[in-house]
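Visitor: One structure follows; several queries about it will come next.
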Amino acid sequence: MLALQTGAAGVALAQAGPAVASAPAASPAALRITEGQVGEVGPGGTLIYPAVTSCLTVTVRLANGGLVGAHASLFQVPGEYRSDRILAAVGQRIGTREVRAVEVRGAVGAWHPSYFSRAIESYPDGAQVPVPTAPDPDGLARAVADGLGRPHGKVTVQDLPDGDQTVD
C-alpha cells in the first residue's frame, strides 16, 4: 500500500498495482529498484539493484540514453511483479522507444529460462517445477529477448550474483 501525504490534514492511502520505481525521465537521478519492481531513469541516471542474490536484473538501455530496469525475483515479493509478469511490465514501460541493448545480470545458475514465462509459484502443488541443471545464459537471453519482443542479439547475460548492482 502506498501512503500519499495530503498536507497537515493527514495521510491518504492508495492501492496501486505492483510498485513501479520511477525517477523523472527528463533529469538524471539514482533510482533503487528492489525485488519485483520496474523503474526508469533518464539520460545520465543510475539504477541501483540492492541485494541481488538469487535474482536477475534486466536493464534496457534506450537510444536516448535513459535506462529501464527490472529486478526479477525467483519468488514473488508480496505486492510486486512475479517473474512471469515482469518482462511485460518492462515492455510496457519501454513502449515504442528504440532500444540500444538489454543487459541481464545476476544469479544465472539459479534461473531456468521458463521462469520468465511461468513463475515458480504458479505451479500447482505436486507439479514438476523445472530446475536448472547448469547455467543457461543463452536460454535466458532468448527468454528475455522474446519476452521483450527484441532481437536476441541485443541481449547479453552476465553471471553476477551476491551483491548490489549499479548501472550507469
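Residue names in the C-alpha cells use chain letters A, B, ... in the order shown, residue numbers from 1 in each chain, and ligand numbers from 1 in the order shown.
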Show which residues sit within 9 Å of Val167 of chain A, as a PyMOL selection string. Count only C-alpha atoms, and ignore same-chain residues fewer than 6 positions away.
Guide: chain A and resi 45-49+59+67
Visitor: Keeping only N, CA and C atoms, write those residues as a PDB file, in the first residue's frame.
Guide:
```pdb
ATOM      1  N   GLY A  45      21.183   9.037 -15.682  1.00  0.00           N
ATOM      2  CA  GLY A  45      20.726   8.468 -14.423  1.00  0.00           C
ATOM      3  C   GLY A  45      21.405   7.147 -14.105  1.00  0.00           C
ATOM      4  N   THR A  46      21.193   6.685 -12.888  1.00  0.00           N
ATOM      5  CA  THR A  46      21.792   5.451 -12.388  1.00  0.00           C
ATOM      6  C   THR A  46      20.705   4.563 -11.788  1.00  0.00           C
ATOM      7  N   LEU A  47      20.771   3.274 -12.097  1.00  0.00           N
ATOM      8  CA  LEU A  47      19.894   2.288 -11.476  1.00  0.00           C
ATOM      9  C   LEU A  47      20.694   1.527 -10.426  1.00  0.00           C
ATOM     10  N   ILE A  48      20.101   1.338  -9.264  1.00  0.00           N
ATOM     11  CA  ILE A  48      20.723   0.581  -8.188  1.00  0.00           C
ATOM     12  C   ILE A  48      19.808  -0.586  -7.855  1.00  0.00           C
ATOM     13  N   TYR A  49      20.350  -1.798  -7.983  1.00  0.00           N
ATOM     14  CA  TYR A  49      19.621  -3.015  -7.646  1.00  0.00           C
ATOM     15  C   TYR A  49      20.254  -3.574  -6.368  1.00  0.00           C
ATOM     16  N   THR A  59      18.311  -4.729 -17.461  1.00  0.00           N
ATOM     17  CA  THR A  59      18.477  -3.300 -17.718  1.00  0.00           C
ATOM     18  C   THR A  59      18.389  -3.065 -19.215  1.00  0.00           C
ATOM     19  N   LEU A  67      17.495   4.599 -19.009  1.00  0.00           N
ATOM     20  CA  LEU A  67      17.548   3.202 -18.600  1.00  0.00           C
ATOM     21  C   LEU A  67      16.194   2.776 -18.038  1.00  0.00           C
TER      22      LEU A  67
END
```
Visitor: Run DSSP on the backbone and tell me which residues of segment 56-155 of chain A come out as strand (DSSP E); list them as a list in words.
Guide: Leu56, Thr57, Val58, Thr59, Val60, Arg61, Leu62, Leu67, Val68, Gly69, Ala70, His71, Ala72, Val99, Arg100, Ala101, Val102, Glu103, Val104, Arg105, Gly106 and Val155 of chain A
Visitor: Please indicate the distance in Å from atom CA of Thr57 of chain A to atom CA of Gln128 of chain A, rounded to one decimal place.
Guide: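 That distance, rounded to one decimal, is 25.5 Å.
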Visitor: Which residue gives the smallest distance to Val68 of chain A among A:Pro50, A:Pro43, A:Pro137, A:Pro161, with only C-alpha atoms counted?
Guide: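 For Val68 of chain A, the nearest of the given residues is A:Pro43.
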Visitor: DSSP says helix (DSSP H, G or I) for which residues of segment 56-117 of chain A? Put them as a PDB file with N, CA, C and O atoms, in the first residue's frame?
Guide:
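Output file selection-v4.pdb is given in full below:
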```
ATOM      1  N   ILE A  86       7.109  -9.751 -15.157  1.00  0.00           N
ATOM      2  CA  ILE A  86       7.990  -8.586 -15.071  1.00  0.00           C
ATOM      3  C   ILE A  86       8.447  -8.098 -16.452  1.00  0.00           C
ATOM      4  O   ILE A  86       8.557  -6.904 -16.681  1.00  0.00           O
ATOM      5  N   LEU A  87       8.673  -9.012 -17.398  1.00  0.00           N
ATOM      6  CA  LEU A  87       9.104  -8.572 -18.728  1.00  0.00           C
ATOM      7  C   LEU A  87       8.002  -7.808 -19.451  1.00  0.00           C
ATOM      8  O   LEU A  87       8.279  -6.843 -20.162  1.00  0.00           O
ATOM      9  N   ALA A  88       6.758  -8.207 -19.252  1.00  0.00           N
ATOM     10  CA  ALA A  88       5.644  -7.461 -19.851  1.00  0.00           C
ATOM     11  C   ALA A  88       5.598  -6.040 -19.289  1.00  0.00           C
ATOM     12  O   ALA A  88       5.342  -5.077 -20.027  1.00  0.00           O
ATOM     13  N   ALA A  89       5.866  -5.896 -17.993  1.00  0.00           N
ATOM     14  CA  ALA A  89       5.887  -4.568 -17.377  1.00  0.00           C
ATOM     15  C   ALA A  89       7.029  -3.726 -17.942  1.00  0.00           C
ATOM     16  O   ALA A  89       6.866  -2.530 -18.187  1.00  0.00           O
ATOM     17  N   VAL A  90       8.180  -4.354 -18.169  1.00  0.00           N
ATOM     18  CA  VAL A  90       9.309  -3.636 -18.773  1.00  0.00           C
ATOM     19  C   VAL A  90       8.944  -3.223 -20.195  1.00  0.00           C
ATOM     20  O   VAL A  90       9.168  -2.079 -20.599  1.00  0.00           O
ATOM     21  N   GLY A  91       8.376  -4.148 -20.955  1.00  0.00           N
ATOM     22  CA  GLY A  91       7.987  -3.844 -22.331  1.00  0.00           C
ATOM     23  C   GLY A  91       6.988  -2.705 -22.408  1.00  0.00           C
ATOM     24  O   GLY A  91       7.083  -1.831 -23.271  1.00  0.00           O
ATOM     25  N   GLN A  92       6.048  -2.697 -21.479  1.00  0.00           N
ATOM     26  CA  GLN A  92       5.061  -1.616 -21.428  1.00  0.00           C
ATOM     27  C   GLN A  92       5.744  -0.292 -21.123  1.00  0.00           C
ATOM     28  O   GLN A  92       5.409   0.742 -21.685  1.00  0.00           O
ATOM     29  N   ARG A  93       6.721  -0.329 -20.238  1.00  0.00           N
ATOM     30  CA  ARG A  93       7.459   0.883 -19.864  1.00  0.00           C
ATOM     31  C   ARG A  93       8.278   1.421 -21.045  1.00  0.00           C
ATOM     32  O   ARG A  93       8.370   2.623 -21.253  1.00  0.00           O
ATOM     33  N   ILE A  94       8.860   0.502 -21.832  1.00  0.00           N
ATOM     34  CA  ILE A  94       9.659   0.897 -22.998  1.00  0.00           C
ATOM     35  C   ILE A  94       8.763   1.525 -24.061  1.00  0.00           C
ATOM     36  O   ILE A  94       9.128   2.516 -24.682  1.00  0.00           O
ATOM     37  N   VAL A 108      22.674 -16.337 -12.606  1.00  0.00           N
ATOM     38  CA  VAL A 108      22.325 -17.042 -13.836  1.00  0.00           C
ATOM     39  C   VAL A 108      22.068 -18.531 -13.578  1.00  0.00           C
ATOM     40  O   VAL A 108      21.114 -19.104 -14.100  1.00  0.00           O
ATOM     41  N   GLY A 109      22.868 -19.170 -12.751  1.00  0.00           N
ATOM     42  CA  GLY A 109      22.721 -20.601 -12.490  1.00  0.00           C
ATOM     43  C   GLY A 109      21.473 -20.973 -11.713  1.00  0.00           C
ATOM     44  O   GLY A 109      21.058 -22.129 -11.718  1.00  0.00           O
ATOM     45  N   ALA A 110      20.827 -20.017 -11.062  1.00  0.00           N
ATOM     46  CA  ALA A 110      19.614 -20.288 -10.283  1.00  0.00           C
ATOM     47  C   ALA A 110      18.349 -20.187 -11.122  1.00  0.00           C
ATOM     48  O   ALA A 110      17.277 -20.557 -10.661  1.00  0.00           O
ATOM     49  N   PRO A 113      15.216 -20.637 -17.891  1.00  0.00           N
ATOM     50  CA  PRO A 113      14.626 -19.636 -18.793  1.00  0.00           C
ATOM     51  C   PRO A 113      13.092 -19.589 -18.730  1.00  0.00           C
ATOM     52  O   PRO A 113      12.494 -18.527 -18.902  1.00  0.00           O
ATOM     53  N   SER A 114      12.467 -20.713 -18.424  1.00  0.00           N
ATOM     54  CA  SER A 114      10.995 -20.751 -18.391  1.00  0.00           C
ATOM     55  C   SER A 114      10.401 -19.931 -17.252  1.00  0.00           C
ATOM     56  O   SER A 114       9.205 -19.619 -17.279  1.00  0.00           O
ATOM     57  N   TYR A 115      11.193 -19.545 -16.253  1.00  0.00           N
ATOM     58  CA  TYR A 115      10.667 -18.755 -15.141  1.00  0.00           C
ATOM     59  C   TYR A 115      10.140 -17.395 -15.610  1.00  0.00           C
ATOM     60  O   TYR A 115       9.350 -16.765 -14.915  1.00  0.00           O
ATOM     61  N   PHE A 116      10.588 -16.928 -16.789  1.00  0.00           N
ATOM     62  CA  PHE A 116      10.070 -15.675 -17.333  1.00  0.00           C
ATOM     63  C   PHE A 116       8.713 -15.857 -18.009  1.00  0.00           C
ATOM     64  O   PHE A 116       8.015 -14.880 -18.261  1.00  0.00           O
TER      65      PHE A 116
END
```
